[in-house]
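Colleague: Handing you this structure, nothing more for now.
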Amino acid sequence: MTENESQVKDQIVTSATRFFSKFGFRKTTMDEIARHIHKAKGLLYYYFNSKEELFNAVLEKELDDVQAELSKEISGSQDSMNMLKRYILKRFHLLKNAVNYQETLQADFFDKYHFVAGTRERFSEFERLQLASMLTRGQNEGFFSIKSIPATVDILMMIISGMDVHLFLQHKYDEYKKSLEEFSILIVNSVKKSKTYCDERKTC
């Protein structure tokens, strides 16, 4: 793909993001996206075989941006306990604005449009790797006491991702925003070593 073709493709994705974010997948048409960038609709199909493929590209970019911000959040020098807490809070904050991701949370959407499954799974795998990395670091630093990191990651994923529907589709994020701070502390405390151990090690 030439530099010009790459620029046109990015322009299409940017335009599509605007329409999908505002009107949703079902109500957005390829005609609207093409008119917005003053291109023929056929050009869109040169780069994307279908509206589904274009939506998936928009979703990928949205979640790539989320992943980039989350990676920054855990790349600092803070201790693993604070890192885990900040990661959880940042995750929910970022996904609050990820409206295309939110649309895929709808049961009827996911039942009908399986083309987003791979993109969502890659995001879940990214999250699993980040959580495993933070828990392993905390274990090695002596902050956490975890019998099985893979099992703990599974449970954390079920809890955290399970909250997405309620926070975003039911528009509860602003209502529970302050409580999420307490929730993140609760999660950290659930894997933190006991006070007796911490007092002996003088590390927690």
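Residues in the structure tokens are numbered from 1 in each chain, the chains being A, B, ... in the order shown, and ligands are numbered from 1 in the order shown.
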Give me the residues within 10 Å of region 103-112 of chain A as a list in words, counting only C-alpha atoms and dropping any in the same chain fewer than 5 places off.
Modeller: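 With the cut-off at 10 Å, the set is Phe20, Ser21, Gly24, Phe25, Arg26, Leu59, Ala98, Ala117, Arg120, Asp164, Val165, Phe168 and Leu169 of chain A.
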Colleague: Store the residues picked out above in a file with C-alpha atoms, as a CSV table (one decimal), in the first residue's frame.
Modeller:
```csv
chain,number,residue,atom,x,y,z
A,20,PHE,CA,-20.4,4.9,13.9
A,21,SER,CA,-19.8,6.7,17.2
A,24,GLY,CA,-24.2,3.3,15.7
A,25,PHE,CA,-23.4,0.4,13.3
A,26,ARG,CA,-26.9,-0.3,12.1
A,59,LEU,CA,-13.2,-0.9,16.6
A,98,ALA,CA,-15.1,3.8,23.7
A,117,ALA,CA,-15.3,-11.5,18.1
A,120,ARG,CA,-12.7,-8.2,21.3
A,164,ASP,CA,-18.9,-3.2,31.5
A,165,VAL,CA,-22.5,-3.7,30.6
A,168,PHE,CA,-21.7,1.7,30.1
A,169,LEU,CA,-24.9,0.3,28.5
```
Colleague: My list of candidates is A:Lys90, A:Lys61, A:Lys96, A:Lys41. Which is closest to Glu73 (chain A) when distances are computed with only C-alpha atoms?
Modeller: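 Among A:Lys90, A:Lys61, A:Lys96, A:Lys41, it is A:Lys90 that comes nearest to Glu73 (chain A).
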Colleague: For Phe126 (chain A), which residue among A:Ala151, A:Leu63, A:Ile185, A:Val99 is the nearest when counting only C-alpha atoms?
Modeller: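 The shortest atom-to-atom distance to Phe126 (chain A) comes from A:Leu63.
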Colleague: List every residue of region 38-163 of chain A that DSSP, applied to the backbone of this structure, places in alpha helix (DSSP H), and write the result as a ChimeraX atom specification.
Modeller: /A:41-47,51-73,80-96,99-104,107-112,117-141,149-162
Colleague: Can I get the selection written as a CSV table (one decimal), in the first residue's frame, with C-alpha atoms?
Modeller:
```csv
chain,number,residue,atom,x,y,z
A,41,LYS,CA,-18.8,4.9,-2.3
A,42,GLY,CA,-16.9,2.4,-4.6
A,43,LEU,CA,-13.6,3.7,-3.2
A,44,LEU,CA,-14.6,2.6,0.3
A,45,TYR,CA,-15.2,-0.9,-1.0
A,46,TYR,CA,-11.7,-0.8,-2.6
A,47,TYR,CA,-10.3,-0.7,0.9
A,51,LYS,CA,-19.5,-2.1,6.3
A,52,GLU,CA,-18.8,-4.9,8.8
A,53,GLU,CA,-15.1,-4.9,7.9
A,54,LEU,CA,-14.9,-1.1,8.2
A,55,PHE,CA,-16.6,-1.1,11.6
A,56,ASN,CA,-14.1,-3.7,12.7
A,57,ALA,CA,-11.3,-1.5,11.6
A,58,VAL,CA,-12.8,1.4,13.6
A,59,LEU,CA,-13.2,-0.9,16.6
A,60,GLU,CA,-9.6,-2.1,16.3
A,61,LYS,CA,-8.3,1.5,16.3
A,62,GLU,CA,-10.4,2.4,19.3
A,63,LEU,CA,-9.2,-0.5,21.3
A,64,ASP,CA,-5.6,0.0,20.2
A,65,ASP,CA,-5.8,3.6,21.6
A,66,VAL,CA,-7.2,2.2,24.8
A,67,GLN,CA,-4.4,-0.4,25.0
A,68,ALA,CA,-1.7,2.3,24.3
A,69,GLU,CA,-3.0,4.4,27.2
A,70,LEU,CA,-3.2,1.4,29.6
A,71,SER,CA,0.3,0.4,28.6
A,72,LYS,CA,1.5,3.9,29.6
A,73,GLU,CA,-0.3,3.6,32.9
A,80,SER,CA,2.6,-3.1,41.9
A,81,MET,CA,-0.3,-2.5,44.3
A,82,ASN,CA,-0.7,1.1,43.2
A,83,MET,CA,-0.2,0.0,39.6
A,84,LEU,CA,-3.0,-2.5,39.7
A,85,LYS,CA,-5.4,0.0,41.3
A,86,ARG,CA,-4.5,2.7,38.7
A,87,TYR,CA,-4.9,0.2,35.9
A,88,ILE,CA,-8.4,-0.8,36.9
A,89,LEU,CA,-9.6,2.9,37.3
A,90,LYS,CA,-7.9,3.9,34.0
A,91,ARG,CA,-9.5,1.0,32.2
A,92,PHE,CA,-13.0,2.0,33.1
A,93,HIS,CA,-12.3,5.7,32.4
A,94,LEU,CA,-11.1,4.9,28.9
A,95,LEU,CA,-13.8,2.5,28.0
A,96,LYS,CA,-16.4,5.1,29.1
A,99,VAL,CA,-18.6,4.0,22.2
A,100,ASN,CA,-18.0,1.5,19.5
A,101,TYR,CA,-16.7,-1.1,22.0
A,102,GLN,CA,-19.8,-0.4,24.1
A,103,GLU,CA,-22.1,-1.1,21.1
A,104,THR,CA,-20.5,-4.6,20.8
A,107,ALA,CA,-26.4,-9.0,23.4
A,108,ASP,CA,-28.3,-8.7,20.1
A,109,PHE,CA,-25.3,-7.1,18.4
A,110,PHE,CA,-22.9,-9.8,19.4
A,111,ASP,CA,-25.4,-12.5,18.4
A,112,LYS,CA,-25.8,-11.1,14.9
A,117,ALA,CA,-15.3,-11.5,18.1
A,118,GLY,CA,-11.6,-11.6,17.1
A,119,THR,CA,-11.0,-7.9,17.9
A,120,ARG,CA,-12.7,-8.2,21.3
A,121,GLU,CA,-10.7,-11.4,22.0
A,122,ARG,CA,-7.4,-9.7,21.2
A,123,PHE,CA,-8.3,-6.9,23.7
A,124,SER,CA,-9.2,-9.5,26.3
A,125,GLU,CA,-5.9,-11.3,25.7
A,126,PHE,CA,-4.1,-7.9,26.1
A,127,GLU,CA,-5.8,-7.4,29.5
A,128,ARG,CA,-5.0,-10.9,30.6
A,129,LEU,CA,-1.3,-10.3,29.9
A,130,GLN,CA,-1.3,-7.0,31.7
A,131,LEU,CA,-3.0,-8.4,34.8
A,132,ALA,CA,-0.7,-11.4,34.8
A,133,SER,CA,2.3,-9.2,34.6
A,134,MET,CA,1.2,-6.9,37.4
A,135,LEU,CA,0.3,-9.9,39.7
A,136,THR,CA,3.6,-11.6,38.9
A,137,ARG,CA,5.5,-8.5,39.7
A,138,GLY,CA,3.6,-8.0,43.0
A,139,GLN,CA,4.3,-11.6,43.9
A,140,ASN,CA,8.0,-11.2,43.2
A,141,GLU,CA,8.1,-8.0,45.2
A,149,ILE,CA,-1.9,-16.4,39.0
A,150,PRO,CA,-3.7,-17.8,35.9
A,151,ALA,CA,-6.8,-18.6,38.0
A,152,THR,CA,-6.7,-15.2,39.7
A,153,VAL,CA,-6.5,-13.5,36.3
A,154,ASP,CA,-9.5,-15.4,35.1
A,155,ILE,CA,-11.5,-14.3,38.1
A,156,LEU,CA,-10.4,-10.7,37.8
A,157,MET,CA,-11.4,-10.7,34.1
A,158,MET,CA,-14.8,-12.1,34.9
A,159,ILE,CA,-15.4,-9.4,37.5
A,160,ILE,CA,-14.0,-6.5,35.6
A,161,SER,CA,-15.3,-7.2,32.2
A,162,GLY,CA,-18.6,-8.3,33.7
```
Colleague: So, with only C-alpha atoms as the atoms that count, which of A:His36, A:Gly142, A:Asn97, A:Glu5 lies closest to Leu167 (chain A)?
Modeller: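 Nearest candidate to Leu167 (chain A) out of A:His36, A:Gly142, A:Asn97, A:Glu5: A:Asn97.
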Colleague: Taking only C-alpha atoms into account, name the residue in A:Asp79, A:Glu32, A:Val13, A:Met163 that is nearest to Phe48 (chain A).
Modeller: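 Selected residue with least distance to Phe48 (chain A): A:Val13.
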